[in-house]
Each structure stands twice: as C-alpha cells, then as structure tokens.
Amino acid sequence: MLDRTIAHRNRFPAVNILRSVSRTMPDCNTPAQTQLVNRARRLLASYDDMAELIRLGAYRKGTDQLVDEAIEYYQPLEGFIAQGKNELTSLEQGYIGLAEVLNEQYESAD
C-alpha cells in the first residue's frame with residue numbers, strides 16, 4: 001500500500017510495509033526468509049507504535065527492550081527499504097541485505 005506521508009519523507013517506493021499484507025508471501029519464502037521479514041516487520045511495528053513518544057522525547061531508553069531495538073534498527077531498515085530509481089536488486093540479494101541490516105545469520109537459498 002502506497003503512503004503519501006512516506007513519499008513526503010523522500011523514501012521511495014513509498015510502500016507502507018506495515019499496511020501491506022500478503023497472504024501468499026509465506027508460501028513463497030523459505031522459513032529463514034520468513035523469519036527475517038517477520039523480525040523486520042516486528043521492529044518497524046514497534047517503532048511505529050511508539051513513534052509519537054520517541055519524537056517527543058518522552059520514551060526512556062530501557063523501558064522496553066523491543067522498542068530500544070526498534071529505535072536502533074529504524075534508520076537502517078528505512079535505508080534498506082528505500083530504492084533508487086535505477087537500482088536493481090534480486091530477491092535473494094534483498095534477503096541477504098536484510099539479514100545484514102538485522103545482524104542476522106542467513107544462508108542463501110541459491
């Protein structure tokens with residue numbers, strides 16, 4: 001699902017990862033790939049849930065371990081999700097890149 005507020009932040013494609021749901025994606029992934037995607041979505045959702053408090057400076061580090069982790073990974077994940085107009089990445093390269101962003105071990109499906 002495209003989101004104008006994401007486009008205003010100059011992140012393209014302006015896809016709202018949290019509002020875009022695919023019922024068939026888990027059937028297309030390996031268990032390791034699904035685990036990576038689920039972890040990224042969990043971190044982004046946690047950040048999104050607390051975004052207002054984070055922006056206002058009302059969230060205190062150490063209050064919630066998942067939120068702390070979400071704050072740490074938010075910018076790297078946003079950078080990973082962004083794609084330049086002429087940038088091409090294979091699906092497998094995408095999973096490898098996501099694993100690197102999340103500091104996870106990942107064995108290529110190739």
# chains A, B, ... in the order shown; residues from 1 in each chain; ligands from 1
$ residues_around --residues "Ile71 (chain A)" --least-positions-apart "6" --cutoff "9 Å" --atoms "only C-alpha atoms" --output "list in words"
Leu43, Leu44, Ser46, Tyr47 and Ile54 of chain A
$ residues_around --residues "Gln75 (chain A)" --least-positions-apart "5" --cutoff "12 Å" --atoms "only C-alpha atoms" --output "number ranges by chain"
A: 11, 40, 43-44, 47, 69-70, 80-82, 101-102
$ write_last_selection --atoms "N, CA and C atoms" --output "short mmCIF file (atom, residue, chain, number, x, y, z; two decimals), in the first residue's frame"
data_model
loop_
_atom_site.label_atom_id
_atom_site.label_comp_id
_atom_site.auth_asym_id
_atom_site.auth_seq_id
_atom_site.Cartn_x
_atom_site.Cartn_y
_atom_site.Cartn_z
N ARG A 11 11.20 8.71 0.81
CA ARG A 11 11.56 7.30 0.73
C ARG A 11 10.70 6.67 -0.34
N ALA A 40 11.85 -7.94 10.84
CA ALA A 40 11.86 -6.55 10.37
C ALA A 40 10.50 -5.90 10.60
N LEU A 43 9.97 -5.09 14.30
CA LEU A 43 10.72 -3.91 14.72
C LEU A 43 10.07 -2.63 14.19
N LEU A 44 9.67 -2.64 12.93
CA LEU A 44 9.02 -1.46 12.37
C LEU A 44 7.69 -1.17 13.06
N TYR A 47 8.37 0.35 16.48
CA TYR A 47 8.75 1.76 16.34
C TYR A 47 7.52 2.60 16.03
N GLU A 69 15.37 -1.83 20.67
CA GLU A 69 15.90 -2.47 19.47
C GLU A 69 15.30 -1.84 18.22
N ALA A 70 14.02 -1.52 18.27
CA ALA A 70 13.35 -0.89 17.13
C ALA A 70 13.97 0.47 16.82
N PHE A 80 17.29 0.52 4.04
CA PHE A 80 17.21 -0.73 3.29
C PHE A 80 15.96 -0.75 2.41
N ILE A 81 14.85 -0.29 2.95
CA ILE A 81 13.58 -0.32 2.21
C ILE A 81 13.60 0.63 1.03
N ALA A 82 14.32 1.74 1.14
CA ALA A 82 14.39 2.71 0.06
C ALA A 82 15.08 2.10 -1.16
N VAL A 101 21.39 -5.98 7.57
CA VAL A 101 20.84 -4.86 8.33
C VAL A 101 20.45 -5.31 9.74
N LEU A 102 19.88 -6.50 9.84
CA LEU A 102 19.40 -7.00 11.12
C LEU A 102 20.47 -7.76 11.91
#
$ residues_around --residues "region 21-38 of chain A" --least-positions-apart "5" --cutoff "9 Å" --atoms "only C-alpha atoms" --output "list in words"
Met1, Leu43, Tyr95, Leu98, Ala99, Leu102, Glu104, Tyr106, Glu107 and Ala109 of chain A
$ write_last_selection --atoms "all heavy atoms" --output "CSV table (one decimal), in the first residue's frame"
chain,number,residue,atom,x,y,z
A,1,MET,N,0.8,-1.2,0.0
A,1,MET,CA,0.0,0.0,0.0
A,1,MET,C,0.9,1.2,0.0
A,1,MET,O,1.8,1.4,0.8
A,1,MET,CB,-0.9,0.0,1.2
A,1,MET,CG,-1.7,1.2,1.4
A,1,MET,SD,-2.8,1.1,2.9
A,1,MET,CE,-4.1,0.1,2.2
A,43,LEU,N,10.0,-5.1,14.3
A,43,LEU,CA,10.7,-3.9,14.7
A,43,LEU,C,10.1,-2.6,14.2
A,43,LEU,O,9.9,-1.7,14.9
A,43,LEU,CB,12.2,-4.0,14.2
A,43,LEU,CG,13.0,-5.1,14.9
A,43,LEU,CD1,14.4,-5.2,14.2
A,43,LEU,CD2,13.3,-4.7,16.4
A,95,TYR,N,17.2,-10.4,0.5
A,95,TYR,CA,17.2,-11.2,1.8
A,95,TYR,C,18.6,-11.1,2.4
A,95,TYR,O,18.7,-11.0,3.6
A,95,TYR,CB,16.8,-12.6,1.6
A,95,TYR,CG,15.3,-12.7,1.4
A,95,TYR,CD1,14.7,-13.2,0.2
A,95,TYR,CD2,14.4,-12.4,2.4
A,95,TYR,CE1,13.4,-13.3,0.0
A,95,TYR,CE2,13.0,-12.4,2.2
A,95,TYR,CZ,12.5,-12.9,1.0
A,95,TYR,OH,11.2,-13.0,0.9
A,98,LEU,N,18.9,-7.7,3.9
A,98,LEU,CA,18.0,-7.6,5.1
A,98,LEU,C,18.7,-8.3,6.3
A,98,LEU,O,18.7,-7.7,7.4
A,98,LEU,CB,16.6,-8.1,4.9
A,98,LEU,CG,15.6,-8.0,6.0
A,98,LEU,CD1,15.5,-6.6,6.5
A,98,LEU,CD2,14.3,-8.7,5.6
A,99,ALA,N,19.3,-9.4,6.1
A,99,ALA,CA,20.0,-10.1,7.1
A,99,ALA,C,21.2,-9.3,7.6
A,99,ALA,O,21.4,-9.2,8.9
A,99,ALA,CB,20.5,-11.5,6.6
A,102,LEU,N,19.9,-6.5,9.8
A,102,LEU,CA,19.4,-7.0,11.1
A,102,LEU,C,20.5,-7.8,11.9
A,102,LEU,O,20.2,-8.3,13.0
A,102,LEU,CB,18.2,-7.9,10.9
A,102,LEU,CG,16.9,-7.2,10.3
A,102,LEU,CD1,15.9,-8.3,10.0
A,102,LEU,CD2,16.4,-6.2,11.3
A,104,GLU,N,21.8,-10.6,11.3
A,104,GLU,CA,21.4,-12.0,11.4
A,104,GLU,C,22.2,-12.9,10.5
A,104,GLU,O,22.6,-12.4,9.4
A,104,GLU,CB,19.9,-12.1,11.0
A,104,GLU,CG,18.9,-11.4,11.9
A,104,GLU,CD,18.6,-12.3,13.1
A,104,GLU,OE1,18.7,-13.5,13.1
A,104,GLU,OE2,18.2,-11.6,14.1
A,106,TYR,N,22.3,-15.7,7.7
A,106,TYR,CA,21.4,-16.1,6.7
A,106,TYR,C,22.2,-16.9,5.6
A,106,TYR,O,23.2,-16.5,5.2
A,106,TYR,CB,20.8,-14.9,6.0
A,106,TYR,CG,19.9,-15.2,4.8
A,106,TYR,CD1,18.7,-15.8,5.0
A,106,TYR,CD2,20.4,-15.0,3.5
A,106,TYR,CE1,17.9,-16.1,3.9
A,106,TYR,CE2,19.6,-15.3,2.4
A,106,TYR,CZ,18.3,-15.8,2.6
A,106,TYR,OH,17.6,-16.2,1.6
A,107,GLU,N,21.7,-18.1,5.3
A,107,GLU,CA,22.2,-18.9,4.3
A,107,GLU,C,21.4,-18.7,3.0
A,107,GLU,O,20.2,-18.9,3.0
A,107,GLU,CB,22.3,-20.4,4.7
A,107,GLU,CG,23.3,-20.7,5.8
A,107,GLU,CD,23.5,-22.1,5.9
A,107,GLU,OE1,23.4,-22.9,4.9
A,107,GLU,OE2,23.8,-22.5,7.1
A,109,ALA,N,19.5,-19.1,-0.4
A,109,ALA,CA,18.7,-20.2,-0.9
A,109,ALA,C,19.2,-20.7,-2.2
A,109,ALA,O,18.8,-21.7,-2.7
A,109,ALA,CB,17.3,-19.7,-1.0
$ atom_distance --atom1 "CA of Ser20 (chain A)" --atom2 "CA of Asp3 (chain A)"
10.3 Å
$ select_by_dssp --residues "chain A" --states "alpha helix (DSSP H)" --output "VMD selection string"
chain A and resid 4 to 8 25 to 28 31 to 56 65 to 81 91 to 101
$ closest_residue --among "A:Asn103, A:Val67, A:Lys61, A:His8" --to "Asp49 (chain A)" --atoms "only C-alpha atoms"
A:Val67
$ atom_distance --atom1 "CA of Pro13 (chain A)" --atom2 "CA of Gln83 (chain A)"
6.4 Å
$ decode --residues "region 4-105 of chain A" --atoms "C-alpha atoms" --output "mmCIF file, in the first residue's frame"
data_model
loop_
_atom_site.group_PDB
_atom_site.id
_atom_site.type_symbol
_atom_site.label_atom_id
_atom_site.label_comp_id
_atom_site.auth_asym_id
_atom_site.auth_seq_id
_atom_site.Cartn_x
_atom_site.Cartn_y
_atom_site.Cartn_z
ATOM 1 C CA ARG A 4 1.877 9.784 0.845
ATOM 2 C CA THR A 5 3.494 10.544 4.228
ATOM 3 C CA ILE A 6 6.310 8.149 3.362
ATOM 4 C CA ALA A 7 6.732 9.879 0.000
ATOM 5 C CA HIS A 8 6.965 13.220 1.825
ATOM 6 C CA ARG A 9 9.936 11.761 3.720
ATOM 7 C CA ASN A 10 11.545 11.059 0.311
ATOM 8 C CA ARG A 11 11.562 7.298 0.732
ATOM 9 C CA PHE A 12 10.678 5.547 -2.468
ATOM 10 C CA PRO A 13 8.965 3.368 -3.242
ATOM 11 C CA ALA A 14 6.574 4.852 -0.697
ATOM 12 C CA VAL A 15 5.182 1.492 0.360
ATOM 13 C CA ASN A 16 3.813 1.245 3.867
ATOM 14 C CA ILE A 17 5.264 -2.121 4.836
ATOM 15 C CA LEU A 18 3.037 -2.429 7.886
ATOM 16 C CA ARG A 19 -0.211 -1.864 5.991
ATOM 17 C CA SER A 20 0.760 -4.084 3.047
ATOM 18 C CA VAL A 21 -0.157 -7.684 3.699
ATOM 19 C CA SER A 22 0.407 -10.703 1.516
ATOM 20 C CA ARG A 23 -1.296 -13.942 2.413
ATOM 21 C CA THR A 24 0.796 -15.825 -0.146
ATOM 22 C CA MET A 25 4.248 -14.446 0.700
ATOM 23 C CA PRO A 26 4.968 -17.037 3.426
ATOM 24 C CA ASP A 27 4.337 -19.779 0.863
ATOM 25 C CA CYS A 28 6.936 -18.215 -1.459
ATOM 26 C CA ASN A 29 9.689 -17.887 1.157
ATOM 27 C CA THR A 30 11.946 -20.286 2.931
ATOM 28 C CA PRO A 31 11.447 -20.416 6.719
ATOM 29 C CA ALA A 32 14.642 -18.361 7.138
ATOM 30 C CA GLN A 33 13.363 -15.682 4.763
ATOM 31 C CA THR A 34 10.008 -15.528 6.538
ATOM 32 C CA GLN A 35 11.798 -15.193 9.872
ATOM 33 C CA LEU A 36 13.826 -12.221 8.548
ATOM 34 C CA VAL A 37 10.733 -10.485 7.187
ATOM 35 C CA ASN A 38 8.801 -11.090 10.401
ATOM 36 C CA ARG A 39 11.618 -9.680 12.530
ATOM 37 C CA ALA A 40 11.863 -6.553 10.369
ATOM 38 C CA ARG A 41 8.079 -6.057 10.472
ATOM 39 C CA ARG A 42 8.026 -6.569 14.250
ATOM 40 C CA LEU A 43 10.724 -3.909 14.717
ATOM 41 C CA LEU A 44 9.023 -1.457 12.365
ATOM 42 C CA ALA A 45 5.652 -2.028 14.062
ATOM 43 C CA SER A 46 7.168 -1.496 17.485
ATOM 44 C CA TYR A 47 8.751 1.762 16.339
ATOM 45 C CA ASP A 48 5.512 2.858 14.686
ATOM 46 C CA ASP A 49 3.536 2.164 17.884
ATOM 47 C CA MET A 50 5.877 4.381 19.906
ATOM 48 C CA ALA A 51 6.812 6.944 17.211
ATOM 49 C CA GLU A 52 4.981 9.853 18.814
ATOM 50 C CA LEU A 53 6.623 9.290 22.204
ATOM 51 C CA ILE A 54 10.014 8.833 20.550
ATOM 52 C CA ARG A 55 9.659 12.081 18.560
ATOM 53 C CA LEU A 56 8.544 13.972 21.666
ATOM 54 C CA GLY A 57 11.447 12.582 23.685
ATOM 55 C CA ALA A 58 9.005 11.001 26.134
ATOM 56 C CA TYR A 59 10.251 7.447 25.605
ATOM 57 C CA ARG A 60 13.015 6.472 28.028
ATOM 58 C CA LYS A 61 15.612 4.008 26.845
ATOM 59 C CA GLY A 62 15.488 0.792 28.819
ATOM 60 C CA THR A 63 11.723 0.884 29.321
ATOM 61 C CA ASP A 64 11.059 -1.768 26.686
ATOM 62 C CA GLN A 65 13.752 -3.945 25.102
ATOM 63 C CA LEU A 66 11.834 -4.356 21.821
ATOM 64 C CA VAL A 67 11.325 -0.607 21.470
ATOM 65 C CA ASP A 68 15.010 0.003 22.222
ATOM 66 C CA GLU A 69 15.902 -2.466 19.474
ATOM 67 C CA ALA A 70 13.350 -0.894 17.126
ATOM 68 C CA ILE A 71 14.911 2.538 17.658
ATOM 69 C CA GLU A 72 18.367 1.097 16.937
ATOM 70 C CA TYR A 73 17.268 -0.550 13.686
ATOM 71 C CA TYR A 74 14.756 2.022 12.430
ATOM 72 C CA GLN A 75 17.103 4.132 10.292
ATOM 73 C CA PRO A 76 18.996 1.132 8.838
ATOM 74 C CA LEU A 77 15.672 -0.522 7.948
ATOM 75 C CA GLU A 78 14.335 2.679 6.375
ATOM 76 C CA GLY A 79 17.527 2.893 4.322
ATOM 77 C CA PHE A 80 17.210 -0.728 3.290
ATOM 78 C CA ILE A 81 13.585 -0.319 2.213
ATOM 79 C CA ALA A 82 14.389 2.711 0.055
ATOM 80 C CA GLN A 83 15.241 2.022 -3.553
ATOM 81 C CA GLY A 84 16.826 4.333 -6.092
ATOM 82 C CA LYS A 85 15.053 4.870 -9.403
ATOM 83 C CA ASN A 86 17.616 2.827 -11.336
ATOM 84 C CA GLU A 87 18.572 0.430 -8.553
ATOM 85 C CA LEU A 88 18.094 -3.268 -9.253
ATOM 86 C CA THR A 89 18.321 -5.966 -6.610
ATOM 87 C CA SER A 90 17.460 -9.620 -6.934
ATOM 88 C CA LEU A 91 15.129 -11.160 -4.389
ATOM 89 C CA GLU A 92 17.975 -13.212 -2.924
ATOM 90 C CA GLN A 93 20.221 -10.131 -2.695
ATOM 91 C CA GLY A 94 17.374 -8.441 -0.855
ATOM 92 C CA TYR A 95 17.220 -11.184 1.760
ATOM 93 C CA ILE A 96 20.995 -11.123 2.148
ATOM 94 C CA GLY A 97 20.866 -7.339 2.594
ATOM 95 C CA LEU A 98 18.033 -7.563 5.114
ATOM 96 C CA ALA A 99 19.978 -10.136 7.124
ATOM 97 C CA GLU A 100 22.979 -7.785 7.148
ATOM 98 C CA VAL A 101 20.842 -4.860 8.331
ATOM 99 C CA LEU A 102 19.397 -7.003 11.121
ATOM 100 C CA ASN A 103 22.782 -8.534 12.025
ATOM 101 C CA GLU A 104 21.355 -11.988 11.416
ATOM 102 C CA GLN A 105 22.950 -15.102 10.001
#
